[in-house]
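Structure data follow from input_23.txt (compact mmCIF, C-alpha atoms (C1' of nucleotides)):
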```
# COMPACT_ATOMS: atom_id res chain seq x y z
CA MET V 1 137.57 126.50 118.35
CA SER V 2 136.79 126.65 122.02
CA THR V 3 135.85 122.98 122.11
CA THR V 4 137.65 120.06 123.72
CA GLU V 5 141.22 121.16 124.27
CA ASN V 6 144.01 118.86 125.30
CA PRO V 7 145.68 119.57 128.66
CA GLU V 8 148.88 120.96 127.08
CA SER V 9 146.89 123.44 125.05
CA ILE V 10 145.03 124.58 128.15
CA ILE V 11 148.26 125.04 130.05
CA LYS V 12 149.70 127.02 127.18
CA LYS V 13 146.64 129.22 127.00
CA LEU V 14 146.65 129.84 130.74
CA SER V 15 150.24 130.95 130.48
CA GLU V 16 149.36 133.28 127.60
CA PHE V 17 146.54 134.57 129.76
CA SER V 18 148.94 135.36 132.60
CA ASN V 19 151.16 137.28 130.22
CA ALA V 20 148.22 139.17 128.79
CA CYS V 21 147.12 140.22 132.27
CA ARG V 22 150.61 141.45 133.13
CA LYS V 23 150.78 143.46 129.92
CA ALA V 24 147.37 144.99 130.61
CA TYR V 25 148.23 145.76 134.27
CA LEU V 26 145.44 143.48 135.37
CA LYS V 27 146.15 141.89 138.73
CA LEU V 28 146.30 138.16 138.33
CA THR V 29 143.95 137.15 141.10
CA HIS V 30 142.94 133.63 142.00
CA GLN V 31 139.38 134.43 140.94
CA ARG V 32 140.39 135.77 137.54
CA TYR V 33 142.62 132.79 136.91
CA GLU V 34 139.90 130.32 137.79
CA ILE V 35 137.22 132.16 135.83
CA TYR V 36 139.41 132.16 132.76
CA ARG V 37 140.40 128.52 133.24
CA GLU V 38 136.79 127.45 133.71
CA LEU V 39 135.82 129.22 130.50
CA LEU V 40 138.73 127.63 128.64
CA GLU V 41 137.65 124.20 129.80
CA SER V 42 133.99 124.81 129.01
CA VAL V 43 132.91 123.53 125.65
CA ASP V 44 129.40 124.91 125.90
CA HIS V 45 129.76 128.70 125.83
CA PRO V 46 128.29 129.16 129.30
CA ALA V 47 126.28 132.08 130.61
CA ALA V 48 127.69 134.05 133.54
CA GLU V 49 125.40 132.30 135.97
CA THR V 50 126.28 128.83 134.69
CA LEU V 51 129.94 129.70 135.04
CA HIS V 52 129.33 130.99 138.55
CA LYS V 53 127.64 127.75 139.59
CA ARG V 54 130.58 125.73 138.31
CA LEU V 55 133.10 127.97 139.99
CA LEU V 56 131.34 127.74 143.35
CA LEU V 57 132.37 124.08 143.47
CA LYS V 58 136.01 125.15 143.46
CA ILE V 59 135.74 128.50 145.23
CA PRO V 60 132.67 128.52 147.48
CA THR V 61 132.92 132.24 148.22
CA MET V 62 133.06 133.32 144.56
CA SER V 63 130.45 136.02 144.11
CA LEU V 64 128.25 136.37 141.04
CA ASP V 65 129.21 140.01 140.74
CA THR V 66 132.85 139.01 140.42
CA VAL V 67 132.00 136.69 137.58
CA TYR V 68 130.06 139.37 135.71
CA ARG V 69 132.64 142.05 136.44
CA THR V 70 135.54 139.85 135.49
CA LEU V 71 133.93 138.68 132.28
CA ALA V 72 133.35 142.31 131.34
CA THR V 73 136.98 143.11 132.09
CA PHE V 74 138.22 140.16 130.05
CA GLU V 75 135.98 141.17 127.20
CA ARG V 76 137.30 144.73 127.24
CA HIS V 77 140.79 143.31 126.91
CA GLY V 78 139.84 140.91 124.14
CA LEU V 79 140.58 137.83 126.23
CA ILE V 80 137.08 136.48 125.89
CA SER V 81 134.11 137.13 123.62
CA ARG V 82 130.40 137.37 123.99
CA VAL V 83 128.50 135.07 121.65
CA GLN V 84 125.96 136.69 119.34
CA THR V 85 122.55 135.22 120.13
CA VAL V 86 118.89 136.15 120.32
CA GLU V 87 118.68 134.86 123.89
CA SER V 88 118.26 137.05 126.94
CA GLN V 89 121.25 135.62 128.78
CA ALA V 90 124.70 136.48 127.49
CA ARG V 91 126.97 133.56 126.65
CA PHE V 92 130.76 133.64 126.68
CA GLU V 93 133.79 131.90 125.23
CA ALA V 94 137.53 132.26 125.46
CA THR V 95 138.68 134.14 122.40
CA SER V 96 140.30 131.87 119.84
CA SER V 97 140.86 131.55 116.12
CA GLN V 98 138.11 132.69 113.76
CA HIS V 99 135.06 130.48 113.94
CA HIS V 100 131.27 130.61 113.79
CA HIS V 101 128.34 129.31 115.79
CA LEU V 102 125.57 126.79 115.52
CA ILE V 103 122.82 127.29 118.07
CA CYS V 104 120.11 124.74 118.73
CA SER V 105 116.79 126.49 119.30
CA VAL V 106 115.67 123.60 121.47
CA CYS V 107 118.52 122.76 123.85
CA LYS V 108 120.24 126.14 123.42
CA ASN V 109 123.58 124.39 123.02
CA ILE V 110 126.11 126.38 121.07
CA ILE V 111 128.83 124.72 119.09
CA ASP V 112 131.62 126.12 116.96
CA PHE V 113 132.31 125.51 113.32
CA GLN V 114 134.93 126.74 110.93
CA TRP V 115 134.51 128.01 107.43
CA LYS V 116 137.83 129.11 106.02
CA HIS V 117 136.36 129.83 102.61
CA PHE V 118 133.93 132.33 104.08
CA ASP V 119 136.56 133.91 106.30
CA GLU V 120 138.74 134.58 103.28
CA THR V 121 135.99 135.98 101.08
CA ALA V 122 136.02 139.75 100.70
CA LEU V 123 133.05 141.57 102.18
CA PRO V 124 130.58 143.21 99.80
CA PRO V 125 131.16 146.91 98.95
CA GLU V 126 128.11 147.94 101.00
CA VAL V 127 129.93 146.80 104.12
CA VAL V 128 133.24 148.35 103.20
CA GLU V 129 131.51 151.67 102.64
CA TRP V 130 129.71 151.47 105.96
CA GLY V 131 132.81 151.84 108.11
CA ILE V 132 135.38 149.62 109.76
CA ALA V 133 134.35 145.99 110.25
CA ASN V 134 136.13 144.48 113.21
CA ASP V 135 134.39 141.21 113.51
CA LYS V 136 132.32 139.08 111.18
CA HIS V 137 130.41 136.14 112.52
CA ILE V 138 127.94 133.69 111.12
CA VAL V 139 125.31 132.47 113.54
CA ILE V 140 123.08 129.65 112.46
CA TYR V 141 119.96 128.78 114.40
CA GLY V 142 118.39 125.39 113.90
CA VAL V 143 117.76 122.10 115.64
CA CYS V 144 120.63 119.74 116.41
CA ASN V 145 120.41 116.02 115.64
CA LYS V 146 120.29 115.13 119.31
CA CYS V 147 117.12 117.15 119.78
CA LEU V 148 115.66 115.91 116.50
CA TYR V 149 116.12 112.27 117.50
CA THR V 150 115.13 112.55 121.14
CA GLY V 151 112.02 114.38 119.96
CA ASN V 152 112.48 117.55 121.99
CA ASN V 153 109.94 120.04 120.82
CA PRO V 154 111.34 123.01 118.90
CA MET B 1 115.65 145.00 103.91
CA SER B 2 113.72 146.61 106.73
CA THR B 3 115.02 150.05 105.82
CA THR B 4 113.19 153.01 104.30
CA GLU B 5 110.09 151.65 102.68
CA ASN B 6 107.82 153.62 100.42
CA PRO B 7 104.23 154.17 101.61
CA GLU B 8 102.74 151.69 99.11
CA SER B 9 105.08 148.97 100.29
CA ILE B 10 104.09 149.64 103.90
CA ILE B 11 100.41 149.48 103.04
CA LYS B 12 100.96 146.22 101.21
CA LYS B 13 102.85 144.74 104.13
CA LEU B 14 100.19 145.83 106.60
CA SER B 15 97.61 144.11 104.48
CA GLU B 16 99.73 140.95 104.39
CA PHE B 17 100.06 141.26 108.14
CA SER B 18 96.27 141.38 108.56
CA ASN B 19 95.93 138.24 106.47
CA ALA B 20 98.64 136.47 108.42
CA CYS B 21 96.86 137.28 111.68
CA ARG B 22 93.58 135.94 110.37
CA LYS B 23 95.23 132.73 109.21
CA ALA B 24 96.92 132.29 112.58
CA TYR B 25 93.71 133.05 114.51
CA LEU B 26 95.38 136.05 116.07
CA LYS B 27 92.90 138.77 116.90
CA LEU B 28 93.74 141.87 114.95
CA THR B 29 93.72 144.40 117.75
CA HIS B 30 94.51 148.06 117.45
CA GLN B 31 97.62 147.54 119.58
CA ARG B 32 98.91 144.68 117.46
CA TYR B 33 98.33 146.64 114.28
CA GLU B 34 100.14 149.68 115.58
CA ILE B 35 103.02 147.70 117.03
CA TYR B 36 103.55 145.97 113.71
CA ARG B 37 103.20 149.20 111.76
CA GLU B 38 105.65 150.99 114.03
CA LEU B 39 108.19 148.21 113.53
CA LEU B 40 107.66 148.28 109.77
CA GLU B 41 108.29 152.00 109.71
CA SER B 42 111.32 151.79 111.99
CA VAL B 43 114.60 151.61 110.16
CA ASP B 44 116.67 151.15 113.29
CA HIS B 45 115.75 147.72 114.66
CA PRO B 46 114.37 149.11 117.90
CA ALA B 47 114.35 147.48 121.31
CA ALA B 48 111.00 146.75 122.96
CA GLU B 49 111.32 149.76 125.19
CA THR B 50 112.21 152.10 122.34
CA LEU B 51 109.21 150.84 120.44
CA HIS B 52 107.02 151.34 123.49
CA LYS B 53 108.13 154.95 123.86
CA ARG B 54 107.29 155.65 120.23
CA LEU B 55 103.93 153.95 120.49
CA LEU B 56 102.96 155.94 123.58
CA LEU B 57 102.84 159.03 121.38
CA LYS B 58 100.05 157.43 119.37
CA ILE B 59 98.41 155.29 122.03
CA PRO B 60 99.06 156.82 125.45
CA THR B 61 97.71 153.80 127.32
CA MET B 62 99.85 151.23 125.54
CA SER B 63 101.51 149.11 128.20
CA LEU B 64 105.08 147.88 128.03
CA ASP B 65 103.91 144.36 128.76
CA THR B 66 101.73 144.44 125.68
CA VAL B 67 104.71 145.40 123.57
CA TYR B 68 106.83 142.57 124.93
CA ARG B 69 103.99 140.06 124.78
CA THR B 70 102.99 141.08 121.28
CA LEU B 71 106.54 141.00 119.97
CA ALA B 72 106.90 137.48 121.37
CA THR B 73 103.64 136.47 119.71
CA PHE B 74 104.71 137.94 116.37
CA GLU B 75 108.05 136.20 116.64
CA ARG B 76 106.40 132.82 117.32
CA HIS B 77 104.41 133.32 114.13
CA GLY B 78 107.41 134.40 112.10
CA LEU B 79 106.05 137.89 111.50
CA ILE B 80 109.03 139.56 113.10
CA SER B 81 112.55 138.53 114.04
CA ARG B 82 114.89 139.17 116.87
CA VAL B 83 118.25 140.51 115.80
CA GLN B 84 121.35 138.55 116.85
CA THR B 85 123.49 140.83 118.99
CA VAL B 86 125.79 140.79 121.98
CA GLU B 87 123.77 143.57 123.63
CA SER B 88 121.65 143.11 126.73
CA GLN B 89 118.49 144.54 125.18
CA ALA B 90 116.76 142.54 122.48
CA ARG B 91 116.26 144.32 119.15
CA PHE B 92 113.53 143.56 116.64
CA GLU B 93 112.68 143.90 112.95
CA ALA B 94 109.78 143.02 110.72
CA THR B 95 110.67 139.81 108.92
CA SER B 96 111.66 140.39 105.32
CA SER B 97 113.84 138.93 102.60
CA GLN B 98 117.16 137.38 103.59
CA HIS B 99 119.65 139.97 104.79
CA HIS B 100 122.42 140.47 107.30
CA HIS B 101 123.41 143.04 109.90
CA LEU B 102 126.03 145.67 110.50
CA ILE B 103 126.18 146.85 114.08
CA CYS B 104 128.15 149.88 115.17
CA SER B 105 129.81 149.22 118.53
CA VAL B 106 129.69 152.93 119.29
CA CYS B 107 126.21 154.18 118.43
CA LYS B 108 124.63 150.70 118.48
CA ASN B 109 122.84 151.42 115.24
CA ILE B 110 121.97 148.34 113.26
CA ILE B 111 121.68 148.44 109.51
CA ASP B 112 120.87 145.76 106.99
CA PHE B 113 122.95 144.57 104.10
CA GLN B 114 122.45 141.96 101.44
CA TRP B 115 124.86 139.36 100.22
CA LYS B 116 123.26 137.15 97.62
CA HIS B 117 126.47 135.29 96.89
CA PHE B 118 126.75 134.19 100.52
CA ASP B 119 123.08 133.29 100.76
CA GLU B 120 123.42 130.96 97.80
CA THR B 121 126.61 129.28 98.96
CA ALA B 122 126.14 125.79 100.39
CA LEU B 123 126.93 125.41 104.06
CA PRO B 124 130.00 123.38 105.03
CA PRO B 125 129.47 119.64 105.76
CA GLU B 126 130.05 120.22 109.50
CA VAL B 127 126.88 122.26 109.62
CA VAL B 128 124.83 119.87 107.52
CA GLU B 129 125.82 117.01 109.82
CA TRP B 130 124.90 118.99 112.92
CA GLY B 131 121.16 119.07 112.26
CA ILE B 132 118.64 121.26 110.51
CA ALA B 133 119.72 124.83 109.91
CA ASN B 134 116.72 127.15 109.81
CA ASP B 135 118.38 130.46 109.72
CA LYS B 136 121.84 131.71 108.80
CA HIS B 137 122.85 135.23 109.57
CA ILE B 138 126.02 137.23 109.33
CA VAL B 139 126.49 139.85 111.99
CA ILE B 140 129.34 142.27 111.61
CA TYR B 141 130.42 144.48 114.48
CA GLY B 142 132.51 147.52 113.75
CA VAL B 143 132.40 151.29 113.76
CA CYS B 144 130.27 153.16 111.25
CA ASN B 145 131.62 156.12 109.31
CA LYS B 146 129.40 158.54 111.16
CA CYS B 147 130.98 157.57 114.48
CA LEU B 148 134.45 157.50 112.96
CA TYR B 149 134.13 161.04 111.65
CA THR B 150 132.31 162.58 114.57
CA GLY B 151 134.99 161.05 116.77
CA ASN B 152 132.71 159.08 119.06
CA ASN B 153 134.86 156.87 121.21
CA PRO B 154 134.64 153.14 120.50
C1' DA I 1 160.11 138.56 154.05
C1' DG I 2 157.54 142.83 155.38
C1' DC I 3 155.34 147.29 154.12
C1' DT I 4 152.62 150.15 151.04
C1' DT I 5 149.63 151.21 147.56
C1' DT I 6 146.08 150.34 144.68
C1' DA I 7 142.99 147.52 142.56
C1' DA I 8 139.86 143.50 143.23
C1' DT I 9 136.53 140.85 145.90
C1' DA I 10 132.40 139.39 148.80
C1' DG I 11 128.21 140.34 150.18
C1' DT I 12 124.76 142.75 149.55
C1' DA I 13 121.56 146.25 147.32
C1' DA I 14 119.94 148.48 143.31
C1' DT I 15 118.93 148.68 138.23
C1' DT I 16 117.59 147.05 134.07
C1' DT I 17 115.16 143.93 131.23
C1' DT I 18 111.65 140.75 130.71
C1' DT I 19 107.66 138.04 132.13
C1' DA I 20 103.48 137.04 135.00
C1' DC I 21 98.96 138.09 137.19
C1' DT I 22 94.18 139.65 137.22
C1' DA I 23 90.35 142.45 136.46
C1' DT I 24 88.65 144.69 132.48
C1' DC I 25 87.90 145.18 127.72
C1' DT I 26 87.33 144.10 122.80
C1' DA I 27 87.60 141.47 118.16
C1' DG I 28 85.35 138.04 115.95
C1' DT I 29 81.16 135.71 115.40
C1' DA I 30 76.38 134.35 115.99
C1' DT U 1 73.38 143.58 119.72
C1' DA U 2 75.04 140.06 122.69
C1' DC U 3 78.35 136.26 123.64
C1' DT U 4 82.81 134.37 124.33
C1' DA U 5 87.48 133.64 123.98
C1' DG U 6 91.33 135.86 123.90
C1' DA U 7 93.92 140.46 124.50
C1' DT U 8 95.10 144.53 127.21
C1' DA U 9 96.34 147.83 131.15
C1' DG U 10 98.22 148.36 135.22
C1' DT U 11 100.80 146.52 138.32
C1' DA U 12 103.75 143.11 140.54
C1' DA U 13 107.24 139.73 140.16
C1' DA U 14 111.11 137.41 138.19
C1' DA U 15 115.41 137.20 135.74
C1' DA U 16 119.67 139.28 134.36
C1' DT U 17 123.03 142.58 135.14
C1' DT U 18 125.44 146.32 137.48
C1' DA U 19 126.64 149.27 141.52
C1' DC U 20 128.19 150.18 146.38
C1' DT U 21 131.31 149.64 150.32
C1' DA U 22 134.02 147.57 153.72
C1' DT U 23 137.52 144.23 153.48
C1' DT U 24 141.16 141.65 151.21
C1' DA U 25 145.05 140.61 148.45
C1' DA U 26 148.42 141.40 144.27
C1' DA U 27 152.36 143.86 142.69
C1' DG U 28 155.99 146.84 143.55
C1' DC U 29 159.49 148.54 146.68
C1' DT U 30 162.54 148.09 150.25
```
Structure re-expressed in structure tokens:
Amino acid sequence: MSTTENPESIIKKLSEFSNACRKAYLKLTHQRYEIYRELLESVDHPAAETLHKRLLLKIPTMSLDTVYRTLATFERHGLISRVQTVESQARFEATSSQHHHLICSVCKNIIDFQWKHFDETALPPEVVEWGIANDKHIVIYGVCNKCLYTGNNP
Amino acid sequence: MSTTENPESIIKKLSEFSNACRKAYLKLTHQRYEIYRELLESVDHPAAETLHKRLLLKIPTMSLDTVYRTLATFERHGLISRVQTVESQARFEATSSQHHHLICSVCKNIIDFQWKHFDETALPPEVVEWGIANDKHIVIYGVCNKCLYTGNNP
DNA sequence: AGCTTTAATAGTAATTTTTACTATCTAGTA
DNA sequence: TACTAGATAGTAAAAATTACTATTAAAGCT
């Protein structure tokens, strides 16, 4: 899950990130490091612009283009993933162990959940015959309890 | 599934569509009828712009705004659905019985598949505790056989 | 540590995708 | 057939993403 990580785990993942960049001949720039770190520390699957706003607090010259470009680079190298949504803005997360997403239609918050049993179930023959499946994700849209109880309108 | 429908089925669905519009106090305009029909007949989950291009052949004055606006209206009324993707363009389909999606990362084709067993499986407690789930979808990204065999690059 | 090379970044500008505005038109109804 | 509210066309604007170019900085080599 990309949710609340303890500091040691973050440090470990940043070190893995550095190694991955070296292996991929990606220059480990300050910007890339901070973009990746910010995404690791984000529990909310931010959009590029959200991420940019947060990063500006640390690096006031960080350009939006760099965020978009870097996210695309990271994605190409499998370091981060785009979240499947029906929204117009793309949302991102640091790639981690298999998990799925709950999206609140009201507040647009995205949270992770795990479902080992599903992950281990074989795909139906239709899918196998279609081609090579690289990535299976469940996305559930609904309304989270917070929005239900605060009476936000769906 | 929103795939190849026989003519009778299309006629039936268009008639259901007309009724749904009446019930929802949506004026049944020529444009709305044709947009819905085009989507019904499309097996490829088209984007708004793709749909617009196809509709221009029938109705040369059809504006792109109308397509977007109408799709949004239909979606609000549950007549059509947006497909969950990681692409930048939204893709649409006429709402039909529960199904899931296979998306080819190469050709971006989207096809439906069914998985009754999954549909009937209870969601894990984590999800139930989160709130109200309205909609659960599996989206599988991969490479379809056509692209594998024609050697399109992933 | 300094030099060199090559890729990455900042600061725009440009594209792409989606939504908004307004005068005109039309479906539904009397 | 005429009325009225809502829908559309044509365009403009906004939102989201990508491209361009001069400058900067990482990584490798002395």
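Those residues that approach DA14 of chain U to within 9 Å, counting all atoms listed in the file, are DT18, DT19 and DA20 of chain I; same-chain residues fewer than 5 positions away are not listed.
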Dump C-alpha atoms (C1' of nucleotides) for the selected residues as a PDB file, keeping the file's coordinate frame?
```pdb
ATOM      1  C1'  DT I  18     111.650 140.750 130.710  1.00  0.00           C
ATOM      2  C1'  DT I  19     107.660 138.040 132.130  1.00  0.00           C
ATOM      3  C1'  DA I  20     103.480 137.040 135.000  1.00  0.00           C
TER       4       DA I  20
END
```
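The smallest atom-to-atom distance between DA12 of chain U and any of B:Gly151, B:Trp115, B:Cys104, B:Asp65, using only C-alpha atoms (C1' of nucleotides), is found for B:Asp65.
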Would you kindly report the residues of chain B within 6 Å of chain V, using only C-alpha atoms, as an mmCIF file with C-alpha atoms, in the coordinates of the input?
```
data_model
loop_
_atom_site.group_PDB
_atom_site.id
_atom_site.type_symbol
_atom_site.label_atom_id
_atom_site.label_comp_id
_atom_site.auth_asym_id
_atom_site.auth_seq_id
_atom_site.Cartn_x
_atom_site.Cartn_y
_atom_site.Cartn_z
ATOM 1 C CA GLN B 84 121.350 138.550 116.850
ATOM 2 C CA THR B 85 123.490 140.830 118.990
ATOM 3 C CA VAL B 86 125.790 140.790 121.980
ATOM 4 C CA TRP B 130 124.900 118.990 112.920
ATOM 5 C CA GLY B 131 121.160 119.070 112.260
ATOM 6 C CA ILE B 132 118.640 121.260 110.510
ATOM 7 C CA ALA B 133 119.720 124.830 109.910
ATOM 8 C CA ASN B 134 116.720 127.150 109.810
ATOM 9 C CA ASP B 135 118.380 130.460 109.720
ATOM 10 C CA LYS B 136 121.840 131.710 108.800
ATOM 11 C CA HIS B 137 122.850 135.230 109.570
ATOM 12 C CA ILE B 138 126.020 137.230 109.330
ATOM 13 C CA VAL B 139 126.490 139.850 111.990
ATOM 14 C CA ILE B 140 129.340 142.270 111.610
ATOM 15 C CA TYR B 141 130.420 144.480 114.480
ATOM 16 C CA GLY B 142 132.510 147.520 113.750
ATOM 17 C CA VAL B 143 132.400 151.290 113.760
ATOM 18 C CA CYS B 144 130.270 153.160 111.250
ATOM 19 C CA ASN B 145 131.620 156.120 109.310
#
```
Per-axis box centre and lengths in Å around segment 13-17 of chain U, 3 Å margin per side, axis-aligned, as lines of an AutoDock Vina configuration file:
```
center_x = 115.1
center_y = 139.9
center_z = 137.3
size_x = 21.8
size_y = 11.4
size_z = 11.8
```
Arg22 of chain B surroundings by all atoms listed in the file, 12 Å radius, close-in-sequence under 6 positions cut, as a PyMOL selection string
(chain B and resi 15-16+28-29+77) or (chain I and resi 27-28)
Please produce a file of those selected residues containing C-alpha atoms (C1' of nucleotides), as a PDB file, keeping the file's coordinate frame.
```
ATOM      1  CA  SER B  15      97.610 144.110 104.480  1.00  0.00           C
ATOM      2  CA  GLU B  16      99.730 140.950 104.390  1.00  0.00           C
ATOM      3  CA  LEU B  28      93.740 141.870 114.950  1.00  0.00           C
ATOM      4  CA  THR B  29      93.720 144.400 117.750  1.00  0.00           C
ATOM      5  CA  HIS B  77     104.410 133.320 114.130  1.00  0.00           C
TER       6      HIS B  77
ATOM      7  C1'  DA I  27      87.600 141.470 118.160  1.00  0.00           C
ATOM      8  C1'  DG I  28      85.350 138.040 115.950  1.00  0.00           C
TER       9       DG I  28
END
```
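When atom C1' of DT16 of chain I is paired with atom CA of Glu93 of chain B, their separation reads 21.9 Å.
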Give me, as a PDB file with C-alpha atoms (C1' of nucleotides), keeping the file's coordinate frame, all polymer residues having an atom no more than 12 Å from DT21 of chain U, counting all atoms listed in the file and skipping those fewer than 4 positions away in the same chain.
```pdb
ATOM      1  C1'  DT I   9     136.530 140.850 145.900  1.00  0.00           C
ATOM      2  C1'  DA I  10     132.400 139.390 148.800  1.00  0.00           C
ATOM      3  C1'  DG I  11     128.210 140.340 150.180  1.00  0.00           C
ATOM      4  C1'  DT I  12     124.760 142.750 149.550  1.00  0.00           C
ATOM      5  C1'  DA I  13     121.560 146.250 147.320  1.00  0.00           C
TER       6       DA I  13
END
```
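Our summary of the geometry notes that atom CA of Leu64 of chain B is positioned 7.1 Å from atom CA of Glu49 of chain B.
Shortest separation to chain B among I:DT6, I:DT29, I:DT17, I:DA1 occurs at residue I:DT17, atoms counted being all atoms listed in the file.
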Residues of chain B that approach chain U to 9 Å or less, counting only C-alpha atoms (C1' of nucleotides): could you list each one with the shortest pair of atoms and its distance in Å to one decimal, rows by chain and increasing residue number, as CSV?
```
residue,atom,partner,partner_atom,distance
B:Leu26,CA,U:DG6,C1',8.8
B:Lys27,CA,U:DG6,C1',7.7
B:Thr29,CA,U:DA7,C1',7.8
B:Gln31,CA,U:DT8,C1',8.6
B:Thr61,CA,U:DA9,C1',7.2
B:Met62,CA,U:DA9,C1',7.4
B:Ser63,CA,U:DA9,C1',6.1
B:Asp65,CA,U:DA9,C1',8.7
B:Thr66,CA,U:DT8,C1',6.8
B:Ser88,CA,U:DT17,C1',8.5
```
Would you save the residues from that selection as a CSV table (one decimal), in the frame of the given file, using C-alpha atoms?
```csv
chain,number,residue,atom,x,y,z
B,26,LEU,CA,95.4,136.0,116.1
B,27,LYS,CA,92.9,138.8,116.9
B,29,THR,CA,93.7,144.4,117.8
B,31,GLN,CA,97.6,147.5,119.6
B,61,THR,CA,97.7,153.8,127.3
B,62,MET,CA,99.8,151.2,125.5
B,63,SER,CA,101.5,149.1,128.2
B,65,ASP,CA,103.9,144.4,128.8
B,66,THR,CA,101.7,144.4,125.7
B,88,SER,CA,121.6,143.1,126.7
```
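Atom to atom, atom CA of Leu51 of chain V and atom CA of Glu38 of chain V stand 7.3 Å apart.
Nearest-residue note for chain I: choosing from B:Ala72, B:Ile80, B:Val43, B:Ile59, the minimum distance belongs to B:Ala72, counting only C-alpha atoms (C1' of nucleotides).
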